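Containing PDB, C-alpha atoms and all ligand atoms: input_0.pdb.
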```
MODEL        1
ATOM      1  CA  MET A   1      28.435  49.415  -3.381
ATOM      2  CA  THR A   2      24.821  49.120  -2.343
ATOM      3  CA  ASP A   3      23.471  47.796   0.936
ATOM      4  CA  PHE A   4      20.028  47.244  -0.568
ATOM      5  CA  PRO A   5      19.062  43.586  -0.187
ATOM      6  CA  GLU A   6      18.224  41.461  -3.181
ATOM      7  CA  LYS A   7      15.402  39.633  -1.449
ATOM      8  CA  SER A   8      11.878  40.985  -1.378
ATOM      9  CA  ILE A   9       9.480  41.050   1.549
ATOM     10  CA  PRO A  10       6.886  38.238   1.445
ATOM     11  CA  GLY A  11       3.464  39.365   0.296
ATOM     12  CA  ASP A  12       4.853  42.596  -1.094
ATOM     13  CA  THR A  13       2.655  42.839  -4.155
ATOM     14  CA  LEU A  14      -0.096  45.392  -3.703
ATOM     15  CA  TYR A  15       2.146  48.267  -2.683
ATOM     16  CA  SER A  16       5.480  47.290  -4.138
ATOM     17  CA  HIS A  17       8.514  49.321  -3.122
ATOM     18  CA  SER A  18      10.607  48.240  -6.069
ATOM     19  CA  GLY A  19      11.356  51.389  -8.026
ATOM     20  CA  ALA A  20      10.259  53.634  -5.140
ATOM     21  CA  THR A  21      12.600  56.428  -4.081
ATOM     22  CA  ARG A  22      14.968  55.041  -1.477
ATOM     23  CA  ASP A  23      14.711  56.297   2.108
ATOM     24  CA  ALA A  24      18.069  57.731   3.192
ATOM     25  CA  ILE A  25      16.720  60.439   5.545
ATOM     26  CA  TYR A  26      18.772  59.274   8.542
ATOM     27  CA  ALA A  27      21.756  57.923   6.609
ATOM     28  CA  LYS A  28      24.092  60.820   7.567
ATOM     29  CA  PRO A  29      24.966  61.714  11.172
ATOM     30  CA  GLN A  30      22.827  64.599  12.492
ATOM     31  CA  GLN A  31      24.043  66.905  15.298
ATOM     32  CA  GLN A  32      20.595  67.031  16.818
ATOM     33  CA  VAL A  33      17.880  64.681  15.603
ATOM     34  CA  ALA A  34      14.641  66.670  15.209
ATOM     35  CA  ASP A  35      11.227  65.184  15.999
ATOM     36  CA  PHE A  36       9.850  63.130  13.121
ATOM     37  CA  THR A  37       7.255  64.862  10.913
ATOM     38  CA  PHE A  38       5.373  63.714   7.831
ATOM     39  CA  ASP A  39       6.905  66.369   5.573
ATOM     40  CA  GLU A  40       7.863  66.470   1.878
ATOM     41  CA  ARG A  41      11.057  64.493   2.450
ATOM     42  CA  VAL A  42       9.173  61.693   4.182
ATOM     43  CA  ALA A  43       6.304  61.692   1.659
ATOM     44  CA  ASP A  44       8.796  61.319  -1.215
ATOM     45  CA  VAL A  45      10.330  58.141   0.205
ATOM     46  CA  PHE A  46       7.318  56.832   2.123
ATOM     47  CA  PRO A  47       6.554  53.595   0.198
ATOM     48  CA  ASP A  48      10.194  52.490   0.526
ATOM     49  CA  MET A  49      10.351  53.598   4.185
ATOM     50  CA  ILE A  50       7.219  51.776   5.301
ATOM     51  CA  ASN A  51       7.976  48.578   3.371
ATOM     52  CA  ARG A  52      11.512  48.340   4.782
ATOM     53  CA  SER A  53      10.454  49.353   8.329
ATOM     54  CA  VAL A  54       7.105  47.701   9.072
ATOM     55  CA  PRO A  55       7.204  43.889   9.198
ATOM     56  CA  GLY A  56       4.138  42.480   7.476
ATOM     57  CA  TYR A  57       2.973  45.808   6.039
ATOM     58  CA  ALA A  58       2.006  44.365   2.637
ATOM     59  CA  SER A  59       0.151  41.481   4.294
ATOM     60  CA  MET A  60      -1.834  43.889   6.484
ATOM     61  CA  ILE A  61      -2.766  45.993   3.436
ATOM     62  CA  HIS A  62      -3.876  42.789   1.726
ATOM     63  CA  GLY A  63      -5.999  41.849   4.765
ATOM     64  CA  ILE A  64      -7.609  45.312   4.765
ATOM     65  CA  GLY A  65      -8.731  44.640   1.192
ATOM     66  CA  ARG A  66     -10.172  41.259   2.128
ATOM     67  CA  LEU A  67     -12.004  42.606   5.199
ATOM     68  CA  THR A  68     -13.422  45.453   3.097
ATOM     69  CA  GLN A  69     -14.756  42.880   0.645
ATOM     70  CA  ARG A  70     -16.696  41.227   3.475
ATOM     71  CA  PHE A  71     -17.823  44.196   5.552
ATOM     72  CA  ALA A  72     -18.500  47.098   3.150
ATOM     73  CA  GLN A  73     -22.199  47.953   2.998
ATOM     74  CA  ALA A  74     -24.090  49.849   0.291
ATOM     75  CA  ASN A  75     -24.707  53.577   0.785
ATOM     76  CA  THR A  76     -22.045  54.016   3.461
ATOM     77  CA  ARG A  77     -18.673  55.697   3.763
ATOM     78  CA  LEU A  78     -15.379  53.778   3.937
ATOM     79  CA  TYR A  79     -12.753  55.774   5.834
ATOM     80  CA  ASP A  80      -8.960  55.495   5.719
ATOM     81  CA  LEU A  81      -7.733  57.642   8.612
ATOM     82  CA  GLY A  82      -4.118  58.775   8.371
ATOM     83  CA  CYS A  83      -4.097  57.593   4.763
ATOM     84  CA  SER A  84      -0.536  58.779   3.892
ATOM     85  CA  LEU A  85      -0.106  57.863   0.196
ATOM     86  CA  GLY A  86      -3.280  55.773   0.133
ATOM     87  CA  ALA A  87      -2.141  52.149   0.255
ATOM     88  CA  ALA A  88      -5.129  51.113   2.407
ATOM     89  CA  THR A  89      -7.432  53.457   0.456
ATOM     90  CA  LEU A  90      -6.394  51.658  -2.690
ATOM     91  CA  ALA A  91      -6.909  48.211  -1.131
ATOM     92  CA  MET A  92     -10.460  49.331  -0.269
ATOM     93  CA  LYS A  93     -11.054  50.767  -3.747
ATOM     94  CA  GLN A  94      -9.900  47.564  -5.415
ATOM     95  CA  ASN A  95     -11.926  45.235  -3.181
ATOM     96  CA  ASN A  96     -15.155  47.081  -2.384
ATOM     97  CA  PRO A  97     -18.133  45.181  -3.828
ATOM     98  CA  ALA A  98     -20.841  47.415  -2.267
ATOM     99  CA  LYS A  99     -22.833  49.949  -4.316
ATOM    100  CA  ASP A 100     -23.025  53.712  -3.752
ATOM    101  CA  CYS A 101     -20.108  53.969  -1.343
ATOM    102  CA  LEU A 102     -17.633  56.800  -1.006
ATOM    103  CA  ILE A 103     -14.078  56.124   0.178
ATOM    104  CA  ILE A 104     -12.687  59.003   2.219
ATOM    105  CA  GLY A 105      -8.967  59.179   2.963
ATOM    106  CA  ILE A 106      -7.931  61.741   5.567
ATOM    107  CA  ASP A 107      -4.460  62.934   6.519
ATOM    108  CA  ASN A 108      -3.192  66.104   8.201
ATOM    109  CA  SER A 109       0.077  66.102   6.243
ATOM    110  CA  LYS A 110      -0.199  68.393   3.216
ATOM    111  CA  ALA A 111       2.745  66.618   1.558
ATOM    112  CA  MET A 112       0.987  63.252   1.837
ATOM    113  CA  VAL A 113      -2.447  64.474   0.711
ATOM    114  CA  GLU A 114      -1.015  66.258  -2.348
ATOM    115  CA  ARG A 115       0.551  63.015  -3.558
ATOM    116  CA  CYS A 116      -2.201  60.651  -2.385
ATOM    117  CA  GLN A 117      -5.074  61.725  -4.672
ATOM    118  CA  ASN A 118      -2.942  61.288  -7.830
ATOM    119  CA  HIS A 119      -1.622  57.984  -6.585
ATOM    120  CA  VAL A 120      -5.112  56.624  -5.955
ATOM    121  CA  ASN A 121      -6.533  58.008  -9.229
ATOM    122  CA  ALA A 122      -3.912  56.045 -11.140
ATOM    123  CA  PHE A 123      -5.622  52.753 -10.248
ATOM    124  CA  ARG A 124      -8.913  51.372 -11.501
ATOM    125  CA  GLY A 125     -11.860  50.778  -9.209
ATOM    126  CA  ASP A 126     -15.571  51.599  -9.237
ATOM    127  CA  THR A 127     -15.841  53.379  -5.897
ATOM    128  CA  PRO A 128     -15.157  57.130  -5.885
ATOM    129  CA  VAL A 129     -12.350  58.300  -3.604
ATOM    130  CA  ASP A 130     -12.090  61.649  -1.860
ATOM    131  CA  ILE A 131      -8.772  62.524  -0.196
ATOM    132  CA  ARG A 132      -8.990  65.273   2.433
ATOM    133  CA  LEU A 133      -6.473  67.357   4.369
ATOM    134  CA  ALA A 134      -7.856  67.304   7.914
ATOM    135  CA  ASP A 135      -7.271  66.241  11.494
ATOM    136  CA  ILE A 136      -8.971  62.912  12.196
ATOM    137  CA  VAL A 137      -9.549  63.995  15.809
ATOM    138  CA  THR A 138     -11.819  66.899  14.844
ATOM    139  CA  THR A 139     -13.420  65.409  11.700
ATOM    140  CA  GLU A 140     -17.197  64.810  11.754
ATOM    141  CA  TYR A 141     -17.860  61.244  10.614
ATOM    142  CA  GLN A 142     -20.840  60.107   8.552
ATOM    143  CA  PRO A 143     -22.375  56.611   8.606
ATOM    144  CA  ALA A 144     -19.600  54.168   7.724
ATOM    145  CA  SER A 145     -19.232  50.414   7.303
ATOM    146  CA  VAL A 146     -15.415  50.203   7.188
ATOM    147  CA  ILE A 147     -12.991  52.416   9.103
ATOM    148  CA  VAL A 148      -9.241  51.848   8.846
ATOM    149  CA  LEU A 149      -6.611  53.180  11.238
ATOM    150  CA  ASN A 150      -3.481  51.614   9.749
ATOM    151  CA  PHE A 151      -0.619  52.765  12.038
ATOM    152  CA  THR A 152      -2.235  56.126  12.762
ATOM    153  CA  LEU A 153      -3.689  55.919  16.299
ATOM    154  CA  GLN A 154      -0.116  55.692  17.644
ATOM    155  CA  PHE A 155       0.407  59.319  16.549
ATOM    156  CA  ILE A 156      -2.736  60.597  18.322
ATOM    157  CA  PRO A 157      -2.144  61.915  21.877
ATOM    158  CA  PRO A 158      -2.967  59.000  24.240
ATOM    159  CA  GLN A 159      -5.602  60.971  26.172
ATOM    160  CA  GLN A 160      -7.567  61.582  22.934
ATOM    161  CA  ARG A 161      -7.614  57.967  21.728
ATOM    162  CA  GLU A 162     -10.659  56.669  23.584
ATOM    163  CA  ASN A 163     -12.800  59.644  22.591
ATOM    164  CA  LEU A 164     -11.807  59.257  18.933
ATOM    165  CA  LEU A 165     -12.609  55.525  18.979
ATOM    166  CA  GLN A 166     -15.936  56.272  20.673
ATOM    167  CA  ARG A 167     -16.848  58.662  17.859
ATOM    168  CA  LEU A 168     -15.784  56.110  15.233
ATOM    169  CA  TYR A 169     -17.888  53.462  16.956
ATOM    170  CA  HIS A 170     -20.898  55.782  16.742
ATOM    171  CA  ALA A 171     -20.232  56.473  13.051
ATOM    172  CA  LEU A 172     -20.184  52.746  12.214
ATOM    173  CA  VAL A 173     -23.441  51.140  11.108
ATOM    174  CA  PRO A 174     -24.409  47.834  12.794
ATOM    175  CA  GLY A 175     -22.146  45.109  11.413
ATOM    176  CA  GLY A 176     -19.523  47.709  10.488
ATOM    177  CA  ILE A 177     -15.810  47.068  11.077
ATOM    178  CA  LEU A 178     -12.911  49.075  12.475
ATOM    179  CA  ILE A 179      -9.453  47.844  11.467
ATOM    180  CA  LEU A 180      -6.730  49.016  13.836
ATOM    181  CA  SER A 181      -3.070  48.363  13.065
ATOM    182  CA  GLU A 182      -0.518  49.483  15.640
ATOM    183  CA  LYS A 183       3.072  49.058  16.702
ATOM    184  CA  VAL A 184       2.778  47.862  20.294
ATOM    185  CA  GLN A 185       4.878  47.984  23.441
ATOM    186  CA  GLU A 186       4.428  44.986  25.701
ATOM    187  CA  PRO A 187       4.565  45.127  29.522
ATOM    188  CA  ASP A 188       6.967  42.188  29.911
ATOM    189  CA  ASN A 189      10.369  43.846  29.526
ATOM    190  CA  PHE A 190      12.187  40.723  28.374
ATOM    191  CA  SER A 191       9.638  40.029  25.641
ATOM    192  CA  ASN A 192       9.421  43.648  24.592
ATOM    193  CA  ASP A 193      13.210  44.031  24.320
ATOM    194  CA  LEU A 194      13.336  40.863  22.218
ATOM    195  CA  LEU A 195      10.594  42.135  19.878
ATOM    196  CA  VAL A 196      12.338  45.509  19.510
ATOM    197  CA  ASP A 197      15.605  43.730  18.786
ATOM    198  CA  LEU A 198      14.006  41.477  16.173
ATOM    199  CA  HIS A 199      12.444  44.535  14.548
ATOM    200  CA  HIS A 200      15.836  46.269  14.357
ATOM    201  CA  GLU A 201      17.252  43.119  12.808
ATOM    202  CA  PHE A 202      14.408  43.212  10.251
ATOM    203  CA  LYS A 203      15.457  46.786   9.395
ATOM    204  CA  ARG A 204      19.130  45.808   9.113
ATOM    205  CA  ASP A 205      18.139  42.913   6.855
ATOM    206  CA  ASN A 206      16.354  45.474   4.679
ATOM    207  CA  GLY A 207      19.435  47.628   4.304
ATOM    208  CA  TYR A 208      19.171  50.192   7.116
ATOM    209  CA  SER A 209      22.438  50.947   8.950
ATOM    210  CA  GLU A 210      22.837  51.118  12.742
ATOM    211  CA  LEU A 211      23.040  54.917  12.435
ATOM    212  CA  GLU A 212      19.793  55.107  10.475
ATOM    213  CA  ILE A 213      18.037  52.825  12.960
ATOM    214  CA  SER A 214      19.182  54.774  16.021
ATOM    215  CA  GLN A 215      18.566  58.257  14.559
ATOM    216  CA  LYS A 216      15.063  57.256  13.385
ATOM    217  CA  ARG A 217      14.369  55.863  16.847
ATOM    218  CA  ALA A 218      15.415  59.163  18.459
ATOM    219  CA  ALA A 219      13.292  61.157  15.981
ATOM    220  CA  ILE A 220      10.137  59.139  16.540
ATOM    221  CA  GLU A 221      10.189  58.562  20.302
ATOM    222  CA  ASN A 222       8.482  61.873  21.184
ATOM    223  CA  VAL A 223       5.798  61.657  18.522
ATOM    224  CA  MET A 224       4.747  58.013  18.678
ATOM    225  CA  ARG A 225       3.338  56.765  21.991
ATOM    226  CA  LEU A 226       2.676  53.040  22.069
ATOM    227  CA  ASN A 227       0.116  50.971  23.940
ATOM    228  CA  SER A 228       0.244  47.236  24.526
ATOM    229  CA  LEU A 229      -1.982  44.970  22.456
ATOM    230  CA  ASP A 230      -4.056  44.314  25.604
ATOM    231  CA  GLU A 231      -4.635  48.037  26.141
ATOM    232  CA  HIS A 232      -5.895  48.336  22.564
ATOM    233  CA  MET A 233      -8.211  45.349  22.979
ATOM    234  CA  GLN A 234      -9.599  46.660  26.264
ATOM    235  CA  ARG A 235     -10.208  50.120  24.819
ATOM    236  CA  LEU A 236     -12.066  48.669  21.827
ATOM    237  CA  HIS A 237     -14.289  46.678  24.196
ATOM    238  CA  ALA A 238     -14.754  49.750  26.420
ATOM    239  CA  VAL A 239     -16.124  51.884  23.567
ATOM    240  CA  GLY A 240     -18.707  49.183  22.831
ATOM    241  CA  PHE A 241     -17.423  46.835  20.118
ATOM    242  CA  THR A 242     -18.861  43.319  20.278
ATOM    243  CA  HIS A 243     -16.225  41.281  18.424
ATOM    244  CA  VAL A 244     -12.636  42.342  19.059
ATOM    245  CA  GLN A 245      -9.859  40.236  17.576
ATOM    246  CA  ASN A 246      -6.179  40.499  16.749
ATOM    247  CA  TRP A 247      -5.821  38.979  13.261
ATOM    248  CA  PHE A 248      -2.170  39.709  12.410
ATOM    249  CA  ARG A 249       1.087  40.014  14.289
ATOM    250  CA  TYR A 250       4.722  40.161  13.159
ATOM    251  CA  TYR A 251       7.043  41.020  16.103
ATOM    252  CA  ASN A 252       5.672  44.246  17.651
ATOM    253  CA  PHE A 253       3.501  45.154  14.635
ATOM    254  CA  THR A 254      -0.130  44.143  14.947
ATOM    255  CA  SER A 255      -3.471  44.452  13.241
ATOM    256  CA  SER A 256      -6.826  43.894  14.908
ATOM    257  CA  PHE A 257     -10.458  44.203  13.941
ATOM    258  CA  ALA A 258     -13.474  45.281  15.960
ATOM    259  CA  VAL A 259     -16.996  44.693  14.691
ATOM    260  CA  LYS A 260     -20.039  46.659  15.896
TER     261      LYS A 260
HETATM  262  C1  LIG A 301      -0.681  53.379   5.277
HETATM  263  N1  LIG A 301      -2.159  54.427   6.903
HETATM  264  O1  LIG A 301       0.216  53.446   4.423
HETATM  265  N2  LIG A 301      -5.016  63.542  11.561
HETATM  266  C2  LIG A 301      -4.808  63.049  10.307
HETATM  267  N3  LIG A 301      -3.703  62.342   9.966
HETATM  268  C3  LIG A 301      -2.769  62.134  10.920
HETATM  269  C4  LIG A 301      -2.919  62.632  12.228
HETATM  270  C5  LIG A 301      -4.095  63.353  12.538
HETATM  271  N4  LIG A 301      -4.311  63.849  13.760
HETATM  272  N5  LIG A 301      -1.814  62.279  12.938
HETATM  273  C6  LIG A 301      -1.011  61.591  12.095
HETATM  274  N6  LIG A 301      -1.584  61.511  10.875
HETATM  275  C7  LIG A 301      -0.902  54.561   6.168
HETATM  276  C8  LIG A 301       0.283  54.773   7.072
HETATM  277  S1  LIG A 301       1.480  56.652   8.696
HETATM  278  C9  LIG A 301       2.220  55.507   9.757
HETATM  279  C10 LIG A 301       0.032  55.756   8.165
HETATM  280  C11 LIG A 301       3.687  55.590   9.848
HETATM  281  C12 LIG A 301      -1.058  60.850   9.675
HETATM  282  C13 LIG A 301       0.376  61.226   9.309
HETATM  283  O2  LIG A 301       0.435  62.427   8.585
HETATM  284  C14 LIG A 301       0.803  60.014   8.493
HETATM  285  O3  LIG A 301       0.599  60.195   7.124
HETATM  286  C15 LIG A 301      -0.068  58.874   9.039
HETATM  287  O4  LIG A 301      -1.006  59.467   9.927
HETATM  288  C16 LIG A 301       0.700  57.797   9.778
HETATM  289  O5  LIG A 301      -1.376  52.359   5.429
HETATM  290  O6  LIG A 301       4.343  56.285   9.080
HETATM  291  O7  LIG A 301       4.250  54.866  10.808
ENDMDL
END
```
Kindly return the structure encoded in the file as structure tokens.
Ligand code: GEK
Amino acid sequence: MTDFPEKSIPGDTLYSHSGATRDAIYAKPQQQVADFTFDERVADVFPDMINRSVPGYASMIHGIGRLTQRFAQANTRLYDLGCSLGAATLAMKQNNPAKDCLIIGIDNSKAMVERCQNHVNAFRGDTPVDIRLADIVTTEYQPASVIVLNFTLQFIPPQQRENLLQRLYHALVPGGILILSEKVQEPDNFSNDLLVDLHHEFKRDNGYSELEISQKRAAIENVMRLNSLDEHMQRLHAVGFTHVQNWFRYYNFTSSFAVK
């Protein structure tokens, strides 16, 4: 018997999980649930994991492609920070109309980076792509027109977030765009509990068991520190962005843009 649902997630075209290795990392009871890390086991099942866990993921990747199409400028870098297997990198590669750009994907997980370059090479696109193993907090950034943080800032220690965003703001050329997708935690407890509950229901609908949901939650709670959407908006304004706008939300999963 399989608990994998027949239905597919709306908009799930660019980064399809059909045929991807199924995530069963938390399917068996664990005596002690270790902190979540982006290791080989996670990298192997990542497309399935993220599609079944993040409401609206495919739509956000699609939007990243569309925003790249509008905001990429010739002779600049396009960064995908915390690129994992390169879904956003690929959306940029497939939609970048600007000449003489370089797309740089950065991740500090060796398992992800090893798989990402091959994954991205397998798709056509005119813009060269360079995947690097590095920490996005200590990376030196060159002039960029598009910078993507698609569910990565939530893994950066909270006290380092403003400084990182400040440096990204400085790297952006005028008219450049930062795209920030984050899982958020809202200050109103009733609303937040409801959003968390709806998200767990989304995971159940996508075939995760109660055990998988609760063990994953325990694994991730020490490594992923969430802000509210308001805190993100305020921080983006504080580092200097002129136009700050949330453009996507599905339960507690959001994507916003900030234009310099
Ligand atoms: C996607 N953007 O599919 N430096 C570099 N990478 C980091 C750091 C750091 N300091 N901290 C975490 N990462 C992707 C999904 S996943 C989100 C991003 C998730 C990396 C980490 O190794 C992982 O690959 C990624 O950020 C976060 O659109 O799994 O919820």
Determine, for each residue of chain A having at least one atom at most 8 Å from an atom of ligand LIG 301 (chain A), the closest pair of atoms and their separation in Å to one decimal, counting all atoms listed in the file; order by chain and ascending number, as a tab-separated table.
```
residue	atom	partner	partner_atom	distance
A:Thr37	CA	A:LIG301	O2	7.6
A:Phe38	CA	A:LIG301	O2	5.2
A:Phe46	CA	A:LIG301	O6	7.6
A:Pro47	CA	A:LIG301	O1	7.6
A:Ile50	CA	A:LIG301	O6	6.5
A:Val54	CA	A:LIG301	O7	7.9
A:Tyr57	CA	A:LIG301	O5	7.9
A:Ile61	CA	A:LIG301	O5	6.8
A:Asp80	CA	A:LIG301	N1	7.0
A:Leu81	CA	A:LIG301	N3	6.3
A:Gly82	CA	A:LIG301	O4	3.5
A:Cys83	CA	A:LIG301	N1	4.3
A:Ser84	CA	A:LIG301	O3	3.7
A:Leu85	CA	A:LIG301	O1	6.1
A:Gly86	CA	A:LIG301	O1	6.0
A:Ala87	CA	A:LIG301	O1	5.0
A:Ala88	CA	A:LIG301	O5	5.0
A:Thr89	CA	A:LIG301	O5	7.9
A:Ile106	CA	A:LIG301	C2	5.8
A:Asp107	CA	A:LIG301	N3	3.6
A:Asn108	CA	A:LIG301	C2	4.0
A:Ser109	CA	A:LIG301	O2	4.4
A:Met112	CA	A:LIG301	O3	6.1
A:Leu133	CA	A:LIG301	C2	7.5
A:Ala134	CA	A:LIG301	C2	5.8
A:Asp135	CA	A:LIG301	N2	3.5
A:Ile136	CA	A:LIG301	N2	4.1
A:Val137	CA	A:LIG301	N4	5.6
A:Val148	CA	A:LIG301	N1	7.8
A:Leu149	CA	A:LIG301	N1	6.3
A:Asn150	CA	A:LIG301	N1	4.2
A:Phe151	CA	A:LIG301	C9	4.6
A:Thr152	CA	A:LIG301	C16	4.5
A:Leu153	CA	A:LIG301	N5	7.4
A:Phe155	CA	A:LIG301	N5	5.2
A:Ile156	CA	A:LIG301	N5	5.7
```
I need the residue set behind the PyMOL selection byres (((chain A and resi 212-222) around 8) and not hetatm) for this file; please write it as a PyMOL selection string. chain A and resi 24-28+30+33-36+200+203+208-211+223-225
Just write the chosen residues, C-alpha atoms, as a compact mmCIF listing (two decimals), in the coordinates of the input.
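What follows is the written file selection.txt:
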```
# COMPACT_ATOMS: atom_id res chain seq x y z
CA ALA A 24 18.07 57.73 3.19
CA ILE A 25 16.72 60.44 5.54
CA TYR A 26 18.77 59.27 8.54
CA ALA A 27 21.76 57.92 6.61
CA LYS A 28 24.09 60.82 7.57
CA GLN A 30 22.83 64.60 12.49
CA VAL A 33 17.88 64.68 15.60
CA ALA A 34 14.64 66.67 15.21
CA ASP A 35 11.23 65.18 16.00
CA PHE A 36 9.85 63.13 13.12
CA HIS A 200 15.84 46.27 14.36
CA LYS A 203 15.46 46.79 9.40
CA TYR A 208 19.17 50.19 7.12
CA SER A 209 22.44 50.95 8.95
CA GLU A 210 22.84 51.12 12.74
CA LEU A 211 23.04 54.92 12.44
CA VAL A 223 5.80 61.66 18.52
CA MET A 224 4.75 58.01 18.68
CA ARG A 225 3.34 56.76 21.99
```
What's the 6 Å shell around region 174-176 of chain A, counting only C-alpha atoms, without same-chain residues fewer than 6 positions away, as a PDB file with C-alpha atoms, in the frame of the given file?
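In the end it all went to result28.pdb:
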```
ATOM      1  CA  SER A 145     -19.232  50.414   7.303  1.00  0.00           C
ATOM      2  CA  VAL A 146     -15.415  50.203   7.188  1.00  0.00           C
ATOM      3  CA  VAL A 259     -16.996  44.693  14.691  1.00  0.00           C
ATOM      4  CA  LYS A 260     -20.039  46.659  15.896  1.00  0.00           C
TER       5      LYS A 260
END
```
For CA of Met92 (chain A) and CA of Arg52 (chain A), the interatomic separation in Å (one decimal):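 Value for the CA of Met92 (chain A)-CA of Arg52 (chain A) distance: 22.6 Å.
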Output of the PyMOL selection byres (((chain A and resi 71) around 12) and not hetatm), listed as a ChimeraX atom specification: /A:64-70,72-74,76-78,92,95-98,144-148,172-179,257-260
As a check of understanding, name the residues that the PyMOL selection byres (((chain A and resi 119-122) around 7) and not hetatm) selects in the supplied structure, as a PDB file with C-alpha atoms, keeping the file's coordinate frame.
```pdb
ATOM      1  CA  LEU A  85      -0.106  57.863   0.196  1.00  0.00           C
ATOM      2  CA  GLY A  86      -3.280  55.773   0.133  1.00  0.00           C
ATOM      3  CA  LEU A  90      -6.394  51.658  -2.690  1.00  0.00           C
ATOM      4  CA  ARG A 115       0.551  63.015  -3.558  1.00  0.00           C
ATOM      5  CA  CYS A 116      -2.201  60.651  -2.385  1.00  0.00           C
ATOM      6  CA  GLN A 117      -5.074  61.725  -4.672  1.00  0.00           C
ATOM      7  CA  ASN A 118      -2.942  61.288  -7.830  1.00  0.00           C
ATOM      8  CA  PHE A 123      -5.622  52.753 -10.248  1.00  0.00           C
ATOM      9  CA  ARG A 124      -8.913  51.372 -11.501  1.00  0.00           C
TER      10      ARG A 124
END
```
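CA of Gly56 (chain A) to CA of Ser255 (chain A) spans 9.7 Å [interatomic distance, one decimal].
The closest residue to Ser228 (chain A), picked from A:Gln31, A:Gln142, A:Ser181, A:Gln160 and counting only C-alpha atoms, is A:Ser181.
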Ranking A:Gln159, A:Asn75, A:Gln94, A:Leu198 by minimum distance to His62 (chain A) and counting all atoms listed in the file, which one comes first?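 Among the listed residues, A:Gln94 lies closest to His62 (chain A).
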Name the residues, using the chain letters and numbers of the file, that sit within 9 Å of (1.5, 40.9, 12.8) when counting only C-alpha atoms, and give them as a list in words.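 Using only C-alpha atoms, the matching residues come out as Pro55, Gly56, Tyr57, Ser59, Met60, Ser181, Asn246, Trp247, Phe248, Arg249, Tyr250, Tyr251, Asn252, Phe253, Thr254 and Ser255 of chain A.
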Option closest in space to Leu180 (chain A), from A:Pro157, A:Gly125, A:Gly63, A:Pro29 [counting all atoms listed in the file]: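 Closest to Leu180 (chain A), using all atoms listed in the file: A:Gly63.
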Between CA of Leu226 (chain A) and CA of Asp205 (chain A), distance in Å (one decimal): 23.9 Å
Tell me which residues come within 12 Å of (12.8, 54.0, -1.9), as a compact mmCIF listing (two decimals) with C-alpha atoms, keeping the file's coordinate frame, counting only C-alpha atoms in the file's coordinates.
```txt
# COMPACT_ATOMS: atom_id res chain seq x y z
CA PHE A 4 20.03 47.24 -0.57
CA SER A 16 5.48 47.29 -4.14
CA HIS A 17 8.51 49.32 -3.12
CA SER A 18 10.61 48.24 -6.07
CA GLY A 19 11.36 51.39 -8.03
CA ALA A 20 10.26 53.63 -5.14
CA THR A 21 12.60 56.43 -4.08
CA ARG A 22 14.97 55.04 -1.48
CA ASP A 23 14.71 56.30 2.11
CA ALA A 24 18.07 57.73 3.19
CA ILE A 25 16.72 60.44 5.54
CA ARG A 41 11.06 64.49 2.45
CA VAL A 42 9.17 61.69 4.18
CA ALA A 43 6.30 61.69 1.66
CA ASP A 44 8.80 61.32 -1.22
CA VAL A 45 10.33 58.14 0.20
CA PHE A 46 7.32 56.83 2.12
CA PRO A 47 6.55 53.60 0.20
CA ASP A 48 10.19 52.49 0.53
CA MET A 49 10.35 53.60 4.18
CA ILE A 50 7.22 51.78 5.30
CA ASN A 51 7.98 48.58 3.37
CA ARG A 52 11.51 48.34 4.78
CA SER A 53 10.45 49.35 8.33
CA ASN A 206 16.35 45.47 4.68
CA GLY A 207 19.43 47.63 4.30
CA TYR A 208 19.17 50.19 7.12
```
